[in-house]
Every structure is written in C-alpha cells, then in structure tokens.
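> Pasting a structure here, questions to come.
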Amino acid sequence: MAASGNTRKQPRSYPDVPSRIYLMGTCLVDSFYPEAGMDAIEFFRQQGIEVIFPQAQTCCGQPAWNSGFEDEARAVALTQLAAFEADIPVVVMMGSCTGMMVHEYPVMFANTPHQAQAKALAERTFEFSEFLINVLDVQFENIGHTNSSGAGGDSVQDSVQKVALHTSCSTRRGMGLAAEHMALATRLPDVHVVEPERVTECCGFGGTFAVKQGDISAAMANDKARAMAATGATVITSADCGCLMNIGGTLDKLAEQGECQAIPVAHLASLVKNAMDTSKVVIGRHRSSTEQPGEEGAQ
Amino acid sequence: MSESNMTQPNFIELTEAVNREEHEFADMASRHFKVRAQMALENDTLRASFRGASDFLQAKRKSVFPDQAELEDLRDRGEAARQRSLANLPELLELLETNLTANGVQVHWAETATQANQIIHGIMAANNAKTVVKGKSMVSEEIELNHYLEARGIECLESDMGEYLVQLAKEAPSHIVMPVIHKNKQQIAQLMHTRATTPDGEPVPYSEDVDDLIGNARAILRQKFEQADVGVSGVNMAIAETGTLLLVENEGNGRMSTTVPPIHIAVTGIEKVVRSLTDVPELLTLLPRSATGQLITTYVNMISGPRKADELDGPEQVHMVLLDNGRSKMFNHPDLKPTLQCIRCGACMNHCPVYARIGGHAYGSTYPGPIGQVVTPQLDSAGGLGANGDMINACSLNGACGEACPVRIPLPTLIRKLRAESVAPVATQHDGTLHANGAGRNRRMKEALIWQGWSQMHRHPAVYRLGTRAMTLGRALMPGKLAPWTNTRSMPKPAAKTLHQLAREAGIASSATSTLTGKSTRTAEAKS
C-alpha cells in the first residue's frame, strides 16, 4: 500500500467498457473472503463481461515490501506481472493491493528489464469500486421491490440496510478513490450509508504492523470498532479485507465481552451482488460524457 | 471552577503528585519502545490529552485551508521552495556564511552534536557568561544543550511557556511545536504551584486559570531575561542573500531572548537555509497554518546582525551555529533526501493516529511522530537504525502524515525505505551506495527466513495453491488464539474453499491466450 498521500491525485485514463477483464482476487480474499470474489465474478458475467481469473496469481507482494524485504517482494510481484500479462484491464478486489500494483510496481521495477511491463500493468489496473464507477458507471434501477424510492432515496425505510462504509487508507489516500467508494455504496438500492466518527482515520490494520506493534494496532482497532458500532450500522462494508478482518474481529471480541453488538462485515462486491436481486443493473450509460461519475459522492 | 480550586490544595500532596509524574517520565524514558508505547496506551489522562489535542489541531488546520485546490497549490509551491533550497544547499550555505559575516554575525560550523555544544560553551566561556535564557529551539534539544551546559555550571532557563513547564517538570517536550501538550490544566497548575517561585521567592499561588498561569510565568521570566548573559534561539529560515535569521513565535519570548541579553546564539540545522527573501512568503504561508492553524504567528522576527554603533538596542554579539549531525548524509542519500524538506510544523504528528494514541514521549526521541520516525534514525547522535528499529515499525503506513505535510514530504515512503535499509542484507551494504546509519542492523535470521519462505511460496503459483488449499482443509485445526492478533480480535477463519478453487470449479477461464484476439480494449490515450 504505502498510502503516501503526499502527492496530488494523478488523473487516470479509463478504458471503455471492456468485453473481458482479469480479476485479481488478492491473497486475503482468496483464503478468507472467496465469496466476495465469486460475487464480483457473477456480477461481471451478468453484465456480459468475460472474467479471466489466472490460476497463476498469488499475492501482490505488499507484506514483504512494507516490511522492507524488497527482493522477496519483487520476486512475488514478478509472478503477478506474468499472470496478468495480456493487455486486458485488471480489476483488483482490494484497494491496498491496487495501490501496490499501480504505485509501487513501477518503483519496484524501475531500471530493471521489467520496467515497461510494470508501468503498463499499473496503467490498466483498477480497484473494484473505481472500475464499477469510472469504467462501468454502474447504476441500479429498482424493479418494483417493496420499497420503490429508488437508488439513493432520501428516506430511511424499514427494509433499508444501514451500512457503515470503511474506505481504507490505501483507497482513500493511496489511490484517491474515496469519492468512487462512496458513490458505489450510495448507488446501491435500499442502502443508507452511515458515517462513523473520525471516518478518515486508520483502523489500525497496516499489515505486519498489527503483529509488530500489536498494542498500538489494537488500540486503533478498538476505537474504530466502537465508532462503527455507534453508528447503529447493520453491516460494515469495505473493499479492503484486512480492514474488515481487523474491525470485524475486534467487534466480535467486544460483543463477546458484552460491550456492543456484533456487526457482520461484507465486501462491497457482496452488497453489489445482493443488489442484483432487487434491481436492474445498467452499465456504460454515461461513458460518452467527459464527467467523472465518481465526483458525485465527493465529501 | 473545579473542586480543587475551592478547597485549599495541599502543597505536600501536590508536590508528591508532581514528583510522581517526574518519576513516571524517567521510568518510561528508561524503557524500550514497545514498553513505552504500552505504558502510554494504559495512561488514560495521557490518551485523553493527545486525542483532544489531535482533534483540536486537525480542526484548526482545516479551518485555515478552506479551499482544497488552493491548499494543493500552496503545497506545490512549498515543496518547490524547499527543493530549490536543497538543490543548491552547498552554494547557499556559503552565501549565507558570507552575508551573515558581512552583517557582523559570527558563523560556526558543527559537524556533530558535541561540537555544537562545545562551540556554544566556548562562546560563553570566552565571555565569562554564566546564565542562558532560551527561546524555543528543537535543535538545542537535539544536541541536549541544557544538559551539556548545566553539567558545566551554567544555568539554562527555557522561556517558551511550554518548554518552561517541561523544564520545571524535568521532562522532555512531547511535541515539537507544543512541548507540554501531554499535560492537562490541573497538572500544569500543580506544577507551577509546587515548583515555580515568584521573583519574591514565594510559591506561585495555585490556579488553573490560563491567564493566571501565563501571568505568573511571565513575571518570573521577565526578570530572567534582564539578568541573562546569553540568549539562545532556534531559526525557522536562514536567508542566504541577505544574511537574515527568521524566527516565528507567539509569546514574544523569542524576541526577548534574541534582543535583551548581550549575546545571542542561534543554533539550527544546515537544511534551514533559503536563497532569498522571495522564498519566505511561500513557506511562511504554510508554516503557522499547518502548525497551529494560525494565519500568521504573533511575532515574526528578522534578525540581521548585532547592535550597530549608532543603535540603542540589540545584542552586542550574534553567533550562528550551523549543525550537521547526519544532515549531509541525508542530503547525499538518493531516497532519503526529502527528509530535509521539513519545516518543523508538526502537522504530521497532529494527523498521525499512532501519535494520537501513544504521544510524543513514547518515541523516546527529540522529534516524535512521523517526521521523528524518519529523522531520528538518520541523526548521528541518535543511535541510527539499530537503536530505532521498533520506532520505524510503529506506523500503519496510512498516509495521513503525507497528506498533511505542507511541503509534500513522502513520509510513509521514507518510513518504508528506512525499514528496507534496516533489514538490508549484508551484501547490499557494501555495494558502494550510501546507506542510512545502522543499515542492516535489524536483519534477524528468523524474520529473513520467514520472508524468504513466504516469497518462495508466493512466486510459485502451484506451491501457493497447494499451501492455501492445505490451510482451507485444515481450517478446523487452526489455533483459536494467535497473539497478539487474538488478544483483542476473533481468529479469522479460512474459507472452506479458496477463490482459486471456486473459480476453477465454476469454469472461469484462467488464461487470456485461448481467446486473445490481439485487439486492445484500451483507449489510445491510456497507452501513451
């Protein structure tokens, strides 16, 4: 990740709706949240987009990279360069791994024979919500479910889910995608997005940080989990499973101790998949205009 | 008013409370980083002080940068101004020396902290000076000047209100701009009451009223300013073309300590030089806004030499001590050079979620927070990466500091780079490139082996699939506890099947080659 946040957000160029995409599951989704990956695959296939899931993909290399083991990370990154070789957009299930591939790969392979390949991969790699908003411009049209207020309705009704959105630091500051993230969540039908106190603050995960500085990480996770619980959310969502594991795991422990209610966590892709049951999904409607759809959710 | 103000406070009890805090500080300072962090996390008063300060300072900064686009432009200009200075650092330092000398300022170069202390002590000895009153200076903290001079019988008095209180408490600053931010009003009232004496030699009356506290300190300090032989200050910018020392402050103590005593000694790092007065507005627009949320500080001092023959005020001698202490190594390091862009505003620590939890003392260094994590291991006097290995790991790389930095220092990137330096294998330490102090000192056989094993598994997809498959199959056998994660969290459970398996079972294509048409879906623009 290394969400440096020090630079201006660089405008990215987005392709037209492609006929096929690569899906980068990420190692965390692979072993702990595979349903999120399958939900995403089903969503894309229903939109007529062919999904290629290279069995040769493993991990973006970030854990070693952020711990300072650069050579070990580079060797793993090289495996991903090979796995996603064809000139097809790569949709990544986590913002943190997206940041790694978009911002760190070009640094990692600078002045190596793989420099051009890394740069090309970086340019066609997109985070899940970034892809749905800025490439697909996904819209959900209500198809006469019990609540007919439509997407983004103002009133909070009984069947409307209160969703607490956690935008990871790598998605927010590393990738500059807070607006896209919010846009996707607010476009979902029957969803009311609630915001916890200190919404921009780190949840305390930070990969190996959670192990190497366990006490500090736990203190941060505790504050974040309590802020999430205070929103009265019925589900916590994010597109970063490290954060979800951290926040959800802390909430489980707090609930065990009777300090708050346990709240289920779900990847945004799973909420998108659920929305397909109650809505008609429209994609690619506004792609001809020059505006960036993500702007609507800007805070 | 609080209860303690209504009843007569017991002097002995309050003294014990203040002594206890001093003892706690000394105890904490003697521990390792992780223990210090743990102690800070368990101290509710401290946690509340830092959380409150972080929230307050973040809101203040936000209020003076209402326009995001304008802020980004200002940051561009601030970054450019600092990089301009650093690009010409050797030349600008020569120019600065020439023009300071022409203005009658005596310039001294100190390669090490000890040399800087020796120079300052030497100036004092040559003038038979016995007392120092200090404006705020982080570089004087970096070289531990007070300690050095006091060991040689010289009395040093801090005149910045926060620094004065820290000195009374026998502690160290916990923030580079707000040194006593770790103490609340009651603690400060107790401190003043039990440890400060009025010019008449009486204990300062107990009061939690901020105006009273400041008024009492002012009465004490005013007398010291008049008696001091030497005033020591820091410098925010040294302007090469005009030989001017620029110093910003809010209390007037900076002006007093640089003008009232007969000798003024300024001490600063070599990176603080800028070429001309036209560089000043850009940085001065950013510095107070980023630091305290002020549009401008109450005082902006521009010092251009000692009192001239026809002038009535000002010091008879002005000295400038320029300190290296590892800065020229930072200057020469290809990746770590941006460390020197820092203007010491403290915005990074005000926005750091780790600093907000553990506070400044837990870092155990002169400079705490993100910039402290980057600067400290690179200072010659601070023990390098070997002594500061834990500190650089106390970061979740969340980027809040980088986003707040007015001169766009890539702080998380620098922290990551320092981690790489700290675990660099021996072979790369002799490859002819420059490394940070203590490179490779935190390379532990066990951790290196873990990452090598991890790398082997993740660079061979078949091995990876086998490994993750084994984990899902053995999910029932996974331990229920895995410290430190499960101390405060539930144990994550691997899924029954990996995404690799599920995708394969669902017949999802694994490769693009079979259907590859060669026709790109990308826009031409994106390829360029």
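By convention here, the chains of the structure tokens are called A, B, ... in the order presented, each chain's residues are numbered starting at 1, and ligands are numbered starting at 1 in the order presented.
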Near A:Asp240, within 7 Å and counting only C-alpha atoms, which residues show up once chain neighbours fewer than 6 positions away are dropped, as a PyMOL selection string?

chain A and resi 94-96+168

> Compute the chain B side of the contact with chain A at 6 Å, counting only C-alpha atoms, and hand it back as a ChimeraX atom specification.

/B:396-399,402-403,408,410,412,416,419-420,455,458-459,461,484,488-490,494-495,498-499,509-511,521-523,526

> Go ahead and compute the interatomic distance for atom CA of B:Glu97 and atom CA of B:Ile119, in Å to one decimal.

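Those two atoms sit 16.4 Å apart.
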
> Among the residues of stretch 29-112 of chain A, find those DSSP assigns to helix (DSSP H, G or I) from the backbone and print them as a PyMOL selection string.

chain A and resi 29-32+34-46+62-66+70-83+95-108

> Pull C-alpha atoms from the residues just selected and write them as a PDB file, in the first residue's frame.


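Resulting contents of again_8.pdb:
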```
ATOM      1  CA  VAL A  29      -9.857 -12.625  -0.457  1.00  0.00           C
ATOM      2  CA  ASP A  30      -8.544 -15.905  -1.804  1.00  0.00           C
ATOM      3  CA  SER A  31      -8.362 -17.652   1.547  1.00  0.00           C
ATOM      4  CA  PHE A  32     -10.687 -15.674   3.803  1.00  0.00           C
ATOM      5  CA  PRO A  34     -13.590 -16.002  -1.518  1.00  0.00           C
ATOM      6  CA  GLU A  35     -17.363 -15.364  -1.694  1.00  0.00           C
ATOM      7  CA  ALA A  36     -16.570 -11.699  -2.394  1.00  0.00           C
ATOM      8  CA  GLY A  37     -14.502 -12.757  -5.387  1.00  0.00           C
ATOM      9  CA  MET A  38     -17.252 -15.071  -6.654  1.00  0.00           C
ATOM     10  CA  ASP A  39     -19.843 -12.316  -6.159  1.00  0.00           C
ATOM     11  CA  ALA A  40     -17.731  -9.984  -8.262  1.00  0.00           C
ATOM     12  CA  ILE A  41     -17.273 -12.649 -10.945  1.00  0.00           C
ATOM     13  CA  GLU A  42     -21.011 -13.255 -11.096  1.00  0.00           C
ATOM     14  CA  PHE A  43     -21.707  -9.534 -11.328  1.00  0.00           C
ATOM     15  CA  PHE A  44     -19.302  -9.040 -14.219  1.00  0.00           C
ATOM     16  CA  ARG A  45     -20.535 -12.091 -16.112  1.00  0.00           C
ATOM     17  CA  GLN A  46     -24.140 -10.923 -15.796  1.00  0.00           C
ATOM     18  CA  GLN A  62       2.919  -5.947  -0.300  1.00  0.00           C
ATOM     19  CA  PRO A  63       3.503  -7.662   3.069  1.00  0.00           C
ATOM     20  CA  ALA A  64       7.193  -8.155   2.348  1.00  0.00           C
ATOM     21  CA  TRP A  65       7.552  -4.799   0.558  1.00  0.00           C
ATOM     22  CA  ASN A  66       6.156  -2.829   3.506  1.00  0.00           C
ATOM     23  CA  GLU A  70      12.286  -5.675  -1.176  1.00  0.00           C
ATOM     24  CA  ASP A  71      13.924  -8.542  -3.072  1.00  0.00           C
ATOM     25  CA  GLU A  72      11.465 -11.067  -1.642  1.00  0.00           C
ATOM     26  CA  ALA A  73       8.565  -8.796  -2.620  1.00  0.00           C
ATOM     27  CA  ARG A  74       9.918  -8.176  -6.117  1.00  0.00           C
ATOM     28  CA  ALA A  75      10.140 -11.877  -6.880  1.00  0.00           C
ATOM     29  CA  VAL A  76       6.478 -12.289  -5.939  1.00  0.00           C
ATOM     30  CA  ALA A  77       5.430  -9.218  -7.901  1.00  0.00           C
ATOM     31  CA  LEU A  78       7.137 -10.700 -10.936  1.00  0.00           C
ATOM     32  CA  THR A  79       4.765 -13.665 -10.708  1.00  0.00           C
ATOM     33  CA  GLN A  80       1.831 -11.252 -10.984  1.00  0.00           C
ATOM     34  CA  LEU A  81       3.408  -9.482 -13.981  1.00  0.00           C
ATOM     35  CA  ALA A  82       3.402 -12.872 -15.703  1.00  0.00           C
ATOM     36  CA  ALA A  83      -0.084 -13.868 -14.511  1.00  0.00           C
ATOM     37  CA  GLY A  95      -7.641  -1.020  -2.654  1.00  0.00           C
ATOM     38  CA  SER A  96      -4.453  -1.724  -0.822  1.00  0.00           C
ATOM     39  CA  CYS A  97      -3.224  -4.256  -3.387  1.00  0.00           C
ATOM     40  CA  THR A  98      -4.355  -1.927  -6.182  1.00  0.00           C
ATOM     41  CA  GLY A  99      -2.136   0.798  -4.720  1.00  0.00           C
ATOM     42  CA  MET A 100       0.729  -1.658  -4.613  1.00  0.00           C
ATOM     43  CA  MET A 101       0.347  -2.576  -8.277  1.00  0.00           C
ATOM     44  CA  VAL A 102      -0.422   0.941  -9.519  1.00  0.00           C
ATOM     45  CA  HIS A 103       2.075   2.972  -7.491  1.00  0.00           C
ATOM     46  CA  GLU A 104       4.719   0.616  -6.132  1.00  0.00           C
ATOM     47  CA  TYR A 105       5.309  -1.780  -9.042  1.00  0.00           C
ATOM     48  CA  PRO A 106       6.700   0.987 -11.259  1.00  0.00           C
ATOM     49  CA  VAL A 107       9.053   1.974  -8.406  1.00  0.00           C
ATOM     50  CA  MET A 108       9.944  -1.614  -7.638  1.00  0.00           C
TER      51      MET A 108
END
```

> Measuring between only C-alpha atoms, which one of B:Gln167, B:Gly135, B:Lys185, B:Trp451 shows the shortest distance to B:Leu247?

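Smallest separation from B:Leu247 among the options: B:Gly135.
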
> I want to know what sits within 10 Å of stretch 21-30 of chain B, based on only C-alpha atoms, with residues of the same chain fewer than 6 positions away left out; could you give that as a list in words?

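The neighbour list is Thr15, Arg36, Ala37, Gln38, Met39, Ala40, Leu168, Ala169, Lys170, Glu171, Ala172, Gln187, Leu191, His361, Ala362, Tyr363, Gly364 and Ser365 of chain B.
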
> I want to know what sits within 8 Å of stretch 277-292 of chain B, based on only C-alpha atoms, with residues of the same chain fewer than 2 positions away left out; could you give that as a list in words?

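After dropping sequence-adjacent residues, the list is Leu57, Lys60, Arg61, Val64, Phe65, Leu74, Arg75, Arg77, Gly78, Ala81, Val177, Met237, Ile239, Glu241, Thr242, Val274, Arg275, Gln294, Leu295, Ile296, Thr297, Ile343, Cys345, Gly346, Ala347, Ala404, Cys405 and Pro406 of chain B.
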
> Nearest to B:Met330 among B:Ile508, B:Leu418, B:Leu95, B:Ala116, with distances taken over only C-alpha atoms: which residue is it?

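For B:Met330, the nearest of the candidates is B:Leu418.
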
> Using only C-alpha atoms, which of the listed residues (A:Glu259, A:Glu197, A:Asp190, A:Asp137) sits closest to A:Leu271?

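Closest residue, counting only C-alpha atoms: A:Asp190.
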
> Determine, counting only C-alpha atoms, which protein, DNA and RNA residues have an atom within 8 Å of an atom of stretch 205-216 of chain B; residues of the same chain fewer than 4 positions away are not included. Present the result as a ChimeraX atom specification.

/B:5,9,161,185-186,188-190,192-193,198,220

> Store the residues picked out above in a file with C-alpha atoms, as a CSV table (one decimal), in the first residue's frame.


```
chain,number,residue,atom,x,y,z
B,5,ASN,CA,-9.9,25.4,43.3
B,9,PRO,CA,-4.9,22.4,47.8
B,161,MET,CA,5.8,28.7,28.2
B,185,LYS,CA,-4.6,22.2,33.1
B,186,GLN,CA,-4.7,20.6,36.6
B,188,ILE,CA,0.1,22.4,34.9
B,189,ALA,CA,-1.4,24.2,37.9
B,190,GLN,CA,0.1,21.7,40.3
B,192,MET,CA,3.6,25.8,38.7
B,193,HIS,CA,2.4,25.8,42.3
B,198,THR,CA,7.7,34.2,42.2
B,220,ILE,CA,9.4,35.1,36.6
```

> What is the atom CA of B:Cys395-atom CA of B:Asn350 distance in Å, reported with one decimal?

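Value for the atom CA of B:Cys395-atom CA of B:Asn350 distance: 14.2 Å.
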
> Pick out each residue of stretch 21-232 of chain A that DSSP on the backbone tags as strand (DSSP E or B); I need them as a PyMOL selection string.

chain A and resi 21-24+50-52+90-92+125-127+139-142+161-165+191-194

> Go ahead and save the residues from that selection, with N, CA and C atoms, as a PDB file, in the first residue's frame.


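Once written, selection35.pdb looks like this:
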```
ATOM      1  N   ILE A  21     -12.191  -8.912 -18.666  1.00  0.00           N
ATOM      2  CA  ILE A  21     -11.275  -8.366 -17.663  1.00  0.00           C
ATOM      3  C   ILE A  21     -10.548  -9.508 -16.957  1.00  0.00           C
ATOM      4  N   TYR A  22      -9.416  -9.133 -16.370  1.00  0.00           N
ATOM      5  CA  TYR A  22      -8.756 -10.023 -15.422  1.00  0.00           C
ATOM      6  C   TYR A  22      -9.320  -9.709 -14.045  1.00  0.00           C
ATOM      7  N   LEU A  23      -9.455 -10.707 -13.203  1.00  0.00           N
ATOM      8  CA  LEU A  23      -9.773 -10.454 -11.805  1.00  0.00           C
ATOM      9  C   LEU A  23      -8.580 -10.847 -10.939  1.00  0.00           C
ATOM     10  N   MET A  24      -8.107  -9.865 -10.153  1.00  0.00           N
ATOM     11  CA  MET A  24      -7.063 -10.151  -9.163  1.00  0.00           C
ATOM     12  C   MET A  24      -7.782 -10.306  -7.829  1.00  0.00           C
ATOM     13  N   GLU A  50     -16.599 -10.877 -19.805  1.00  0.00           N
ATOM     14  CA  GLU A  50     -15.933 -12.146 -19.523  1.00  0.00           C
ATOM     15  C   GLU A  50     -14.848 -11.942 -18.466  1.00  0.00           C
ATOM     16  N   VAL A  51     -14.812 -12.830 -17.483  1.00  0.00           N
ATOM     17  CA  VAL A  51     -13.810 -12.716 -16.421  1.00  0.00           C
ATOM     18  C   VAL A  51     -12.742 -13.784 -16.603  1.00  0.00           C
ATOM     19  N   ILE A  52     -11.505 -13.342 -16.551  1.00  0.00           N
ATOM     20  CA  ILE A  52     -10.385 -14.290 -16.562  1.00  0.00           C
ATOM     21  C   ILE A  52      -9.752 -14.241 -15.178  1.00  0.00           C
ATOM     22  N   VAL A  90      -7.204  -5.045 -15.399  1.00  0.00           N
ATOM     23  CA  VAL A  90      -7.163  -5.891 -14.206  1.00  0.00           C
ATOM     24  C   VAL A  90      -8.012  -5.221 -13.129  1.00  0.00           C
ATOM     25  N   VAL A  91      -9.020  -5.939 -12.650  1.00  0.00           N
ATOM     26  CA  VAL A  91      -9.836  -5.425 -11.549  1.00  0.00           C
ATOM     27  C   VAL A  91      -9.374  -6.122 -10.276  1.00  0.00           C
ATOM     28  N   VAL A  92      -9.026  -5.316  -9.276  1.00  0.00           N
ATOM     29  CA  VAL A  92      -8.450  -5.855  -8.042  1.00  0.00           C
ATOM     30  C   VAL A  92      -9.476  -5.722  -6.920  1.00  0.00           C
ATOM     31  N   THR A 125      -4.614  -1.335 -14.284  1.00  0.00           N
ATOM     32  CA  THR A 125      -5.079  -1.968 -13.041  1.00  0.00           C
ATOM     33  C   THR A 125      -6.022  -1.026 -12.302  1.00  0.00           C
ATOM     34  N   PHE A 126      -7.183  -1.554 -11.893  1.00  0.00           N
ATOM     35  CA  PHE A 126      -8.209  -0.715 -11.252  1.00  0.00           C
ATOM     36  C   PHE A 126      -8.777  -1.388 -10.013  1.00  0.00           C
ATOM     37  N   GLU A 127      -9.046  -0.566  -9.030  1.00  0.00           N
ATOM     38  CA  GLU A 127      -9.697  -1.062  -7.813  1.00  0.00           C
ATOM     39  C   GLU A 127     -11.163  -1.348  -8.150  1.00  0.00           C
ATOM     40  N   GLN A 139     -25.292   1.592 -12.556  1.00  0.00           N
ATOM     41  CA  GLN A 139     -26.500   2.171 -11.948  1.00  0.00           C
ATOM     42  C   GLN A 139     -27.435   1.026 -11.586  1.00  0.00           C
ATOM     43  N   PHE A 140     -28.164   1.203 -10.502  1.00  0.00           N
ATOM     44  CA  PHE A 140     -29.118   0.176 -10.086  1.00  0.00           C
ATOM     45  C   PHE A 140     -30.520   0.764 -10.202  1.00  0.00           C
ATOM     46  N   GLU A 141     -31.336   0.175 -11.050  1.00  0.00           N
ATOM     47  CA  GLU A 141     -32.700   0.672 -11.206  1.00  0.00           C
ATOM     48  C   GLU A 141     -33.642  -0.260 -10.481  1.00  0.00           C
ATOM     49  N   ASN A 142     -34.401   0.300  -9.558  1.00  0.00           N
ATOM     50  CA  ASN A 142     -35.296  -0.513  -8.748  1.00  0.00           C
ATOM     51  C   ASN A 142     -36.375  -1.141  -9.627  1.00  0.00           C
ATOM     52  N   GLN A 161     -31.002  -1.155   4.557  1.00  0.00           N
ATOM     53  CA  GLN A 161     -29.861  -1.521   5.390  1.00  0.00           C
ATOM     54  C   GLN A 161     -29.059  -0.287   5.763  1.00  0.00           C
ATOM     55  N   LYS A 162     -28.676  -0.222   7.031  1.00  0.00           N
ATOM     56  CA  LYS A 162     -27.753   0.841   7.462  1.00  0.00           C
ATOM     57  C   LYS A 162     -26.341   0.314   7.292  1.00  0.00           C
ATOM     58  N   VAL A 163     -25.651   0.861   6.336  1.00  0.00           N
ATOM     59  CA  VAL A 163     -24.317   0.349   6.001  1.00  0.00           C
ATOM     60  C   VAL A 163     -23.251   1.356   6.424  1.00  0.00           C
ATOM     61  N   ALA A 164     -22.322   0.894   7.238  1.00  0.00           N
ATOM     62  CA  ALA A 164     -21.168   1.737   7.579  1.00  0.00           C
ATOM     63  C   ALA A 164     -20.062   1.422   6.580  1.00  0.00           C
ATOM     64  N   LEU A 165     -19.658   2.436   5.844  1.00  0.00           N
ATOM     65  CA  LEU A 165     -18.635   2.246   4.810  1.00  0.00           C
ATOM     66  C   LEU A 165     -17.270   2.576   5.382  1.00  0.00           C
ATOM     67  N   VAL A 191     -30.005   0.960   0.518  1.00  0.00           N
ATOM     68  CA  VAL A 191     -28.847   1.114   1.397  1.00  0.00           C
ATOM     69  C   VAL A 191     -28.768   2.545   1.890  1.00  0.00           C
ATOM     70  N   HIS A 192     -28.629   2.696   3.181  1.00  0.00           N
ATOM     71  CA  HIS A 192     -28.415   4.011   3.764  1.00  0.00           C
ATOM     72  C   HIS A 192     -27.001   4.017   4.347  1.00  0.00           C
ATOM     73  N   VAL A 193     -26.127   4.841   3.777  1.00  0.00           N
ATOM     74  CA  VAL A 193     -24.733   4.839   4.217  1.00  0.00           C
ATOM     75  C   VAL A 193     -24.585   5.724   5.454  1.00  0.00           C
ATOM     76  N   VAL A 194     -24.048   5.158   6.514  1.00  0.00           N
ATOM     77  CA  VAL A 194     -23.804   5.933   7.734  1.00  0.00           C
ATOM     78  C   VAL A 194     -22.296   6.117   7.926  1.00  0.00           C
TER      79      VAL A 194
END
```
